[in-house]
Every structure is written in structure tokens, then in C-alpha cells.
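What follows is the content of query.txt, which has compact mmCIF, N, CA and C atoms:
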# COMPACT_ATOMS: atom_id res chain seq x y z
N MET A 1 7.32 30.41 -6.00
CA MET A 1 8.16 29.49 -6.73
C MET A 1 8.30 28.20 -5.93
N ILE A 2 8.24 27.08 -6.61
CA ILE A 2 8.40 25.80 -5.92
C ILE A 2 9.81 25.27 -6.14
N SER A 3 10.24 24.45 -5.22
CA SER A 3 11.58 23.85 -5.33
C SER A 3 11.54 22.66 -6.29
N ASP A 4 12.71 22.21 -6.70
CA ASP A 4 12.79 21.02 -7.56
C ASP A 4 12.16 19.82 -6.86
N LYS A 5 12.41 19.70 -5.56
CA LYS A 5 11.87 18.58 -4.78
C LYS A 5 10.34 18.61 -4.79
N GLN A 6 9.76 19.78 -4.57
CA GLN A 6 8.31 19.92 -4.59
C GLN A 6 7.75 19.59 -5.98
N GLY A 7 8.47 20.03 -7.02
CA GLY A 7 8.05 19.74 -8.39
C GLY A 7 8.07 18.25 -8.68
N ARG A 8 9.12 17.56 -8.22
CA ARG A 8 9.21 16.10 -8.40
C ARG A 8 8.06 15.39 -7.68
N GLU A 9 7.80 15.82 -6.43
CA GLU A 9 6.71 15.20 -5.67
C GLU A 9 5.37 15.42 -6.36
N TRP A 10 5.15 16.64 -6.86
CA TRP A 10 3.90 16.94 -7.57
C TRP A 10 3.76 16.04 -8.80
N LEU A 11 4.85 15.93 -9.58
CA LEU A 11 4.82 15.11 -10.79
C LEU A 11 4.59 13.64 -10.46
N LEU A 12 5.29 13.13 -9.45
CA LEU A 12 5.10 11.73 -9.05
C LEU A 12 3.66 11.49 -8.59
N GLN A 13 3.10 12.43 -7.84
CA GLN A 13 1.71 12.29 -7.38
C GLN A 13 0.75 12.26 -8.57
N LYS A 14 0.97 13.11 -9.55
CA LYS A 14 0.12 13.13 -10.75
C LYS A 14 0.23 11.79 -11.50
N LEU A 15 1.44 11.30 -11.66
CA LEU A 15 1.63 10.01 -12.33
C LEU A 15 0.92 8.90 -11.56
N TYR A 16 1.08 8.89 -10.23
CA TYR A 16 0.44 7.88 -9.39
C TYR A 16 -1.09 7.97 -9.51
N ASP A 17 -1.61 9.18 -9.44
CA ASP A 17 -3.07 9.38 -9.55
C ASP A 17 -3.61 8.91 -10.89
N ASP A 18 -2.77 8.95 -11.93
CA ASP A 18 -3.18 8.49 -13.26
C ASP A 18 -2.98 6.99 -13.45
N GLY A 19 -2.55 6.29 -12.39
CA GLY A 19 -2.46 4.83 -12.44
C GLY A 19 -1.06 4.28 -12.67
N TRP A 20 -0.06 5.14 -12.81
CA TRP A 20 1.31 4.68 -13.00
C TRP A 20 1.92 4.36 -11.64
N LYS A 21 2.48 3.17 -11.48
CA LYS A 21 2.97 2.72 -10.17
C LYS A 21 4.49 2.66 -10.07
N TYR A 22 5.18 2.56 -11.21
CA TYR A 22 6.64 2.42 -11.18
C TYR A 22 7.30 3.34 -12.20
N TYR A 23 8.43 3.88 -11.80
CA TYR A 23 9.29 4.65 -12.70
C TYR A 23 10.53 3.80 -12.91
N VAL A 24 10.86 3.51 -14.16
CA VAL A 24 11.95 2.59 -14.46
C VAL A 24 12.84 3.13 -15.58
N LYS A 25 14.07 2.61 -15.60
CA LYS A 25 14.96 2.88 -16.74
C LYS A 25 15.45 1.54 -17.27
N ASN A 26 15.44 1.43 -18.58
CA ASN A 26 15.93 0.19 -19.18
C ASN A 26 17.46 0.22 -19.27
N ILE A 27 18.02 -0.82 -19.80
CA ILE A 27 19.47 -0.94 -19.90
C ILE A 27 20.06 0.14 -20.80
N GLY A 28 19.25 0.68 -21.71
CA GLY A 28 19.70 1.75 -22.60
C GLY A 28 19.51 3.14 -22.02
N ASP A 29 19.09 3.23 -20.74
CA ASP A 29 18.92 4.50 -20.03
C ASP A 29 17.70 5.29 -20.49
N THR A 30 16.71 4.61 -21.08
CA THR A 30 15.45 5.26 -21.46
C THR A 30 14.48 5.12 -20.30
N ALA A 31 13.75 6.20 -19.98
CA ALA A 31 12.85 6.23 -18.82
C ALA A 31 11.42 5.89 -19.22
N PHE A 32 10.75 5.12 -18.35
CA PHE A 32 9.37 4.70 -18.57
C PHE A 32 8.61 4.76 -17.25
N VAL A 33 7.28 4.81 -17.35
CA VAL A 33 6.41 4.53 -16.21
C VAL A 33 5.60 3.30 -16.58
N THR A 34 5.29 2.48 -15.56
CA THR A 34 4.56 1.24 -15.79
C THR A 34 3.47 1.07 -14.74
N THR A 35 2.48 0.24 -15.06
CA THR A 35 1.40 -0.03 -14.11
C THR A 35 1.69 -1.25 -13.23
N LYS A 36 2.63 -2.09 -13.67
CA LYS A 36 3.05 -3.25 -12.88
C LYS A 36 4.56 -3.24 -12.78
N ARG A 37 5.08 -3.89 -11.75
CA ARG A 37 6.54 -3.96 -11.59
C ARG A 37 7.14 -4.87 -12.65
N PRO A 38 8.02 -4.33 -13.49
CA PRO A 38 8.67 -5.18 -14.50
C PRO A 38 9.58 -6.21 -13.84
N VAL A 39 9.79 -7.32 -14.53
CA VAL A 39 10.64 -8.39 -14.00
C VAL A 39 12.02 -8.34 -14.67
N MET A 40 12.98 -8.92 -14.00
CA MET A 40 14.34 -9.05 -14.54
C MET A 40 14.44 -10.37 -15.29
N ASN A 41 15.00 -10.34 -16.48
CA ASN A 41 15.29 -11.54 -17.26
C ASN A 41 16.77 -11.54 -17.58
N ASP A 42 17.49 -12.51 -17.02
CA ASP A 42 18.94 -12.61 -17.24
C ASP A 42 19.66 -11.31 -16.89
N GLY A 43 19.24 -10.68 -15.77
CA GLY A 43 19.89 -9.47 -15.30
C GLY A 43 19.50 -8.20 -16.03
N ILE A 44 18.53 -8.30 -16.93
CA ILE A 44 18.08 -7.13 -17.69
C ILE A 44 16.59 -6.91 -17.41
N LEU A 45 16.23 -5.67 -17.09
CA LEU A 45 14.84 -5.32 -16.81
C LEU A 45 14.00 -5.44 -18.07
N ASP A 46 12.96 -6.27 -18.01
CA ASP A 46 12.05 -6.45 -19.15
C ASP A 46 10.91 -5.44 -19.02
N ILE A 47 11.07 -4.29 -19.64
CA ILE A 47 10.09 -3.21 -19.55
C ILE A 47 8.71 -3.68 -19.98
N ASN A 48 8.62 -4.53 -21.00
CA ASN A 48 7.34 -4.97 -21.53
C ASN A 48 6.55 -5.84 -20.55
N SER A 49 7.19 -6.30 -19.48
CA SER A 49 6.48 -7.11 -18.47
C SER A 49 5.80 -6.22 -17.43
N GLY A 50 5.85 -4.91 -17.61
CA GLY A 50 5.32 -3.96 -16.63
C GLY A 50 3.89 -3.53 -16.86
N GLY A 51 3.07 -4.38 -17.45
CA GLY A 51 1.68 -3.99 -17.71
C GLY A 51 1.64 -2.91 -18.78
N HIS A 52 0.89 -1.85 -18.54
CA HIS A 52 0.89 -0.72 -19.46
C HIS A 52 2.21 0.03 -19.27
N VAL A 53 2.80 0.46 -20.37
CA VAL A 53 4.11 1.10 -20.34
C VAL A 53 4.04 2.39 -21.16
N LYS A 54 4.67 3.44 -20.62
CA LYS A 54 4.73 4.70 -21.36
C LYS A 54 6.13 5.28 -21.23
N CYS A 55 6.71 5.68 -22.35
CA CYS A 55 8.03 6.29 -22.35
C CYS A 55 7.89 7.74 -21.87
N ILE A 56 8.72 8.11 -20.89
CA ILE A 56 8.72 9.49 -20.39
C ILE A 56 10.13 10.06 -20.42
N ASN A 57 10.90 9.61 -21.37
CA ASN A 57 12.29 10.04 -21.45
C ASN A 57 12.42 11.57 -21.55
N ASN A 58 11.41 12.22 -22.15
CA ASN A 58 11.48 13.67 -22.33
C ASN A 58 11.38 14.44 -21.00
N ILE A 59 10.89 13.80 -19.93
CA ILE A 59 10.82 14.48 -18.62
C ILE A 59 11.70 13.81 -17.57
N SER A 60 12.54 12.89 -18.00
CA SER A 60 13.34 12.14 -17.04
C SER A 60 14.32 13.01 -16.25
N LYS A 61 14.70 14.17 -16.77
CA LYS A 61 15.64 15.05 -16.06
C LYS A 61 15.03 15.63 -14.78
N ILE A 62 13.69 15.73 -14.73
CA ILE A 62 13.07 16.27 -13.51
C ILE A 62 12.55 15.17 -12.58
N MET A 63 12.69 13.92 -13.01
CA MET A 63 12.29 12.79 -12.18
C MET A 63 13.40 12.46 -11.19
N PRO A 64 13.09 11.68 -10.14
CA PRO A 64 14.15 11.25 -9.22
C PRO A 64 15.25 10.51 -9.98
N LYS A 65 16.46 10.64 -9.50
CA LYS A 65 17.62 10.00 -10.14
C LYS A 65 17.58 8.50 -9.89
N ILE A 66 17.57 7.72 -10.96
CA ILE A 66 17.71 6.27 -10.85
C ILE A 66 18.70 5.81 -11.91
N GLU A 67 19.26 4.64 -11.69
CA GLU A 67 20.25 4.08 -12.61
C GLU A 67 19.57 3.25 -13.68
N ARG A 68 20.34 2.88 -14.69
CA ARG A 68 19.85 1.95 -15.71
C ARG A 68 19.47 0.63 -15.03
N ASN A 69 18.41 0.00 -15.53
CA ASN A 69 17.98 -1.29 -15.01
C ASN A 69 17.41 -1.18 -13.60
N GLU A 70 16.97 0.01 -13.19
CA GLU A 70 16.46 0.23 -11.83
C GLU A 70 14.96 0.49 -11.87
N VAL A 71 14.28 0.11 -10.77
CA VAL A 71 12.85 0.31 -10.62
C VAL A 71 12.59 1.15 -9.38
N LEU A 72 11.78 2.20 -9.51
CA LEU A 72 11.40 3.03 -8.37
C LEU A 72 9.89 2.88 -8.16
N ASN A 73 9.50 2.46 -6.96
CA ASN A 73 8.08 2.34 -6.61
C ASN A 73 7.58 3.74 -6.26
N ILE A 74 6.68 4.27 -7.06
CA ILE A 74 6.21 5.65 -6.89
C ILE A 74 5.50 5.82 -5.56
N ALA A 75 4.66 4.87 -5.16
CA ALA A 75 3.94 4.98 -3.88
C ALA A 75 4.92 5.05 -2.72
N GLU A 76 5.94 4.20 -2.73
CA GLU A 76 6.94 4.23 -1.65
C GLU A 76 7.68 5.56 -1.63
N GLU A 77 8.01 6.07 -2.79
CA GLU A 77 8.72 7.36 -2.88
C GLU A 77 7.87 8.48 -2.29
N LEU A 78 6.56 8.40 -2.48
CA LEU A 78 5.64 9.43 -1.96
C LEU A 78 5.19 9.16 -0.52
N GLY A 79 5.54 7.98 0.00
CA GLY A 79 5.13 7.64 1.37
C GLY A 79 3.68 7.18 1.45
N ILE A 80 3.13 6.71 0.35
CA ILE A 80 1.75 6.22 0.31
C ILE A 80 1.72 4.77 0.79
N VAL A 81 0.82 4.47 1.71
CA VAL A 81 0.71 3.12 2.26
C VAL A 81 -0.50 2.42 1.63
N ASN A 82 -0.30 1.23 1.12
CA ASN A 82 -1.41 0.41 0.64
C ASN A 82 -1.88 -0.42 1.84
N TRP A 83 -2.83 0.13 2.58
CA TRP A 83 -3.28 -0.49 3.83
C TRP A 83 -3.86 -1.88 3.63
N SER A 84 -4.36 -2.18 2.45
CA SER A 84 -4.92 -3.52 2.22
C SER A 84 -3.83 -4.60 2.21
N GLU A 85 -2.56 -4.19 2.12
CA GLU A 85 -1.46 -5.15 2.12
C GLU A 85 -0.69 -5.19 3.44
N VAL A 86 -1.09 -4.38 4.41
CA VAL A 86 -0.38 -4.34 5.70
C VAL A 86 -0.77 -5.57 6.52
N PRO A 87 0.21 -6.32 7.04
CA PRO A 87 -0.11 -7.51 7.84
C PRO A 87 -0.75 -7.15 9.19
N VAL A 88 -1.65 -8.00 9.65
CA VAL A 88 -2.27 -7.84 10.97
C VAL A 88 -1.17 -7.80 12.02
N ASP A 89 -1.35 -6.97 13.02
CA ASP A 89 -0.44 -6.77 14.15
C ASP A 89 0.81 -5.95 13.82
N THR A 90 0.84 -5.31 12.65
CA THR A 90 1.93 -4.39 12.33
C THR A 90 1.81 -3.16 13.23
N PRO A 91 2.90 -2.72 13.85
CA PRO A 91 2.85 -1.50 14.67
C PRO A 91 2.55 -0.26 13.82
N ILE A 92 1.57 0.54 14.25
CA ILE A 92 1.23 1.78 13.56
C ILE A 92 0.96 2.88 14.58
N PHE A 93 0.95 4.11 14.09
CA PHE A 93 0.55 5.26 14.90
C PHE A 93 -0.81 5.72 14.42
N VAL A 94 -1.68 6.09 15.38
CA VAL A 94 -3.04 6.51 15.03
C VAL A 94 -3.48 7.70 15.87
N ARG A 95 -4.46 8.42 15.34
CA ARG A 95 -5.12 9.51 16.07
C ARG A 95 -6.39 9.86 15.31
N ASN A 96 -7.27 10.62 15.97
CA ASN A 96 -8.53 10.99 15.34
C ASN A 96 -8.56 12.43 14.84
N SER A 97 -7.62 13.25 15.29
CA SER A 97 -7.56 14.62 14.80
C SER A 97 -6.10 15.06 14.73
N ILE A 98 -5.86 16.10 13.96
CA ILE A 98 -4.50 16.62 13.78
C ILE A 98 -3.92 17.09 15.12
N GLU A 99 -4.76 17.59 16.01
CA GLU A 99 -4.29 18.13 17.29
C GLU A 99 -3.88 17.04 18.28
N GLU A 100 -4.39 15.86 18.10
CA GLU A 100 -4.11 14.76 19.04
C GLU A 100 -2.67 14.28 18.93
N VAL A 101 -2.18 13.73 20.02
CA VAL A 101 -0.87 13.07 20.03
C VAL A 101 -1.05 11.67 19.42
N TRP A 102 -0.07 11.23 18.65
CA TRP A 102 -0.13 9.89 18.07
C TRP A 102 -0.14 8.84 19.17
N LYS A 103 -0.96 7.79 18.97
CA LYS A 103 -1.02 6.65 19.88
C LYS A 103 -0.38 5.45 19.17
N CYS A 104 0.28 4.61 19.94
CA CYS A 104 0.88 3.38 19.40
C CYS A 104 -0.16 2.27 19.45
N ARG A 105 -0.44 1.67 18.30
CA ARG A 105 -1.41 0.59 18.24
C ARG A 105 -0.93 -0.47 17.25
N TYR A 106 -1.70 -1.57 17.18
CA TYR A 106 -1.39 -2.65 16.25
C TYR A 106 -2.51 -2.76 15.22
N PHE A 107 -2.12 -2.83 13.96
CA PHE A 107 -3.05 -2.89 12.85
C PHE A 107 -3.94 -4.12 12.95
N ALA A 108 -5.25 -3.92 12.75
CA ALA A 108 -6.21 -5.03 12.77
C ALA A 108 -6.74 -5.31 11.36
N GLU A 109 -7.24 -4.24 10.69
CA GLU A 109 -7.79 -4.45 9.35
C GLU A 109 -7.98 -3.13 8.63
N TYR A 110 -8.21 -3.23 7.33
CA TYR A 110 -8.52 -2.07 6.48
C TYR A 110 -9.83 -2.41 5.79
N LYS A 111 -10.86 -1.63 6.07
CA LYS A 111 -12.18 -1.94 5.54
C LYS A 111 -12.90 -0.65 5.17
N ASP A 112 -13.49 -0.61 3.99
CA ASP A 112 -14.25 0.55 3.52
C ASP A 112 -13.43 1.84 3.58
N GLY A 113 -12.14 1.73 3.26
CA GLY A 113 -11.27 2.90 3.23
C GLY A 113 -10.84 3.40 4.59
N LYS A 114 -11.03 2.58 5.63
CA LYS A 114 -10.68 3.00 6.98
C LYS A 114 -9.71 2.02 7.63
N VAL A 115 -8.82 2.56 8.48
CA VAL A 115 -7.83 1.76 9.20
C VAL A 115 -8.37 1.44 10.59
N TYR A 116 -8.28 0.18 10.99
CA TYR A 116 -8.73 -0.28 12.30
C TYR A 116 -7.54 -0.87 13.07
N THR A 117 -7.56 -0.69 14.37
CA THR A 117 -6.54 -1.30 15.24
C THR A 117 -7.24 -2.06 16.36
N TRP A 118 -6.45 -2.87 17.04
CA TRP A 118 -6.95 -3.54 18.24
C TRP A 118 -7.02 -2.51 19.35
N ARG A 119 -7.93 -2.70 20.29
CA ARG A 119 -8.14 -1.75 21.40
C ARG A 119 -6.97 -1.72 22.37
N ASP A 120 -6.71 -0.54 22.90
CA ASP A 120 -5.79 -0.34 24.02
C ASP A 120 -4.40 -0.94 23.82
N GLY A 121 -3.91 -0.95 22.58
CA GLY A 121 -2.57 -1.45 22.33
C GLY A 121 -2.46 -2.96 22.30
N LYS A 122 -3.59 -3.65 22.27
CA LYS A 122 -3.55 -5.11 22.19
C LYS A 122 -3.20 -5.56 20.79
N THR A 123 -2.88 -6.83 20.67
CA THR A 123 -2.64 -7.46 19.37
C THR A 123 -3.75 -8.48 19.14
N SER A 124 -3.77 -9.12 17.99
CA SER A 124 -4.77 -10.15 17.73
C SER A 124 -4.63 -11.29 18.74
N TRP A 125 -3.41 -11.54 19.18
CA TRP A 125 -3.15 -12.61 20.14
C TRP A 125 -3.59 -12.24 21.54
N SER A 126 -3.37 -10.99 21.95
CA SER A 126 -3.71 -10.59 23.33
C SER A 126 -5.15 -10.10 23.47
N ASN A 127 -5.88 -10.04 22.38
CA ASN A 127 -7.27 -9.60 22.40
C ASN A 127 -8.18 -10.77 22.79
N VAL A 128 -8.01 -11.28 24.01
CA VAL A 128 -8.68 -12.51 24.44
C VAL A 128 -10.17 -12.34 24.68
N ILE A 129 -10.63 -11.12 24.96
CA ILE A 129 -12.06 -10.95 25.21
C ILE A 129 -12.81 -10.56 23.93
N SER A 130 -12.12 -10.68 22.81
CA SER A 130 -12.71 -10.45 21.48
C SER A 130 -13.31 -9.05 21.31
N ASP A 131 -12.58 -8.04 21.80
CA ASP A 131 -13.00 -6.67 21.52
C ASP A 131 -12.98 -6.44 20.02
N ARG A 132 -13.92 -5.67 19.54
CA ARG A 132 -13.95 -5.32 18.12
C ARG A 132 -12.88 -4.28 17.84
N PRO A 133 -12.29 -4.31 16.67
CA PRO A 133 -11.30 -3.30 16.31
C PRO A 133 -11.88 -1.89 16.32
N VAL A 134 -11.00 -0.89 16.50
CA VAL A 134 -11.38 0.51 16.58
C VAL A 134 -10.94 1.22 15.30
N VAL A 135 -11.79 2.08 14.77
CA VAL A 135 -11.46 2.85 13.57
C VAL A 135 -10.81 4.17 13.97
N TRP A 136 -9.88 4.66 13.13
CA TRP A 136 -9.16 5.90 13.41
C TRP A 136 -9.24 6.84 12.21
N GLY A 137 -9.14 8.12 12.50
CA GLY A 137 -9.17 9.14 11.45
C GLY A 137 -7.86 9.25 10.70
N TYR A 138 -6.74 9.06 11.40
CA TYR A 138 -5.41 9.19 10.80
C TYR A 138 -4.55 8.00 11.22
N ALA A 139 -3.76 7.52 10.30
CA ALA A 139 -2.87 6.40 10.61
C ALA A 139 -1.61 6.48 9.76
N GLU A 140 -0.50 6.05 10.34
CA GLU A 140 0.74 5.92 9.58
C GLU A 140 1.53 4.76 10.14
N LEU A 141 2.35 4.17 9.29
CA LEU A 141 3.19 3.07 9.73
C LEU A 141 4.23 3.57 10.72
N ALA A 142 4.51 2.76 11.73
CA ALA A 142 5.58 3.08 12.69
C ALA A 142 6.90 2.77 12.00
N GLU A 143 7.84 3.66 12.10
CA GLU A 143 9.17 3.43 11.50
C GLU A 143 9.88 2.33 12.26
N GLU A 144 10.61 1.50 11.56
CA GLU A 144 11.36 0.43 12.21
C GLU A 144 12.71 0.93 12.66
Same coordinates, now as C-alpha cells:
Amino acid sequence: MISDKQGREWLLQKLYDDGWKYYVKNIGDTAFVTTKRPVMNDGILDINSGGHVKCINNISKIMPKIERNEVLNIAEELGIVNWSEVPVDTPIFVRNSIEEVWKCRYFAEYKDGKVYTWRDGKTSWSNVISDRPVVWGYAELAEE
């Protein structure tokens, strides 16, 4: 048997995998998923500005709790990082295998589905000898 939390995570992952990026509720408390972040117009969430929109009010009871006029970023809720949007020199943790201890490094680039950092804990500024970035098997953002 799975817990409610596990069920919510599974459902959010399925929605995300199908291209839905946001879970929202309109001012009337109806639940939707959207492909783009809806905008606020005069303090009211404009659901139709969210790209593709689908009403999921029938399953809203098992979704995370949100208020009317609220937007939930599904990727953030699941802890998914869009590495193509991470700024250069952002602190991250990296390793090449599950058994390894995490190393502290600075993000260099995301290319061909892989995360790269500057060598030996350097940043783009301190990398004066122009070492090429290093690719890693596992990466996660460092908590602030």
C-alpha cells in the first residue's frame, strides 16, 4: 500500500511527464493543469493564459492543497531542476556514483543532457588557466 504522499508524487510525476507544468486553481476554486504559467490580471488568475489547459477538478482532492488563485510549479514540487536555466557559478553538489561523497562545485554548463562544473571548486572567474569544465554523473542544487 502506498501513502497519500507517495500517491500525490506519482500523480504529479505523471502529469509532468505528460507535459503539464503547473497545477492551478481559479478564483472559483476549480482545479486545472497548464503547460505555461498563467498570469494575474487585476488580481485574478487568468487560466486561459496558461497555454494548454485541462480541468482536473475531479482529482483535485488527491492533489497538493492550494488556495484559490494560486499556482503550483509541478517541477519545483517534485524537486526537478531545469539545468538549462541554472546560472553559471551556482553552487551545486556533484558525484559520479551513488557510493561517492558529494563534492561542492560551481555550475559551468548543461550540454547534451549532462551537468558540467569548473574544476577543483573553481568558478568562471577563478578559472584563470582556462581548464575545461568537468562532467558529472549526479548533480543537485546546493540548498541556500
If you run DSSP on the backbone, which residues of chain A are alpha helix (DSSP H), as a PyMOL selection string? chain A and resi 4-17+74-78
Quick one: residues within 5 Å of Arg105 of chain A, all atoms listed in the file counted, chain neighbours fewer than 4 positions away excluded, as number ranges by chain? A: 91-92, 121
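If you look at atom C of Val39 of chain A and atom N of Asn69 of chain A, they are 10.5 Å away from each other.
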What separation in Å, quoted to one decimal, exists between atom C of Ala31 of chain A and atom C of Cys55 of chain A?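 Answer for the atom C of Ala31 of chain A to atom C of Cys55 of chain A separation: 4.8 Å.
Distances here use only N, CA and C atoms; by that measure, the residue among A:Ala108, A:Ile59, A:Met40, A:Ile74 closest to Gln13 of chain A is A:Ile74.
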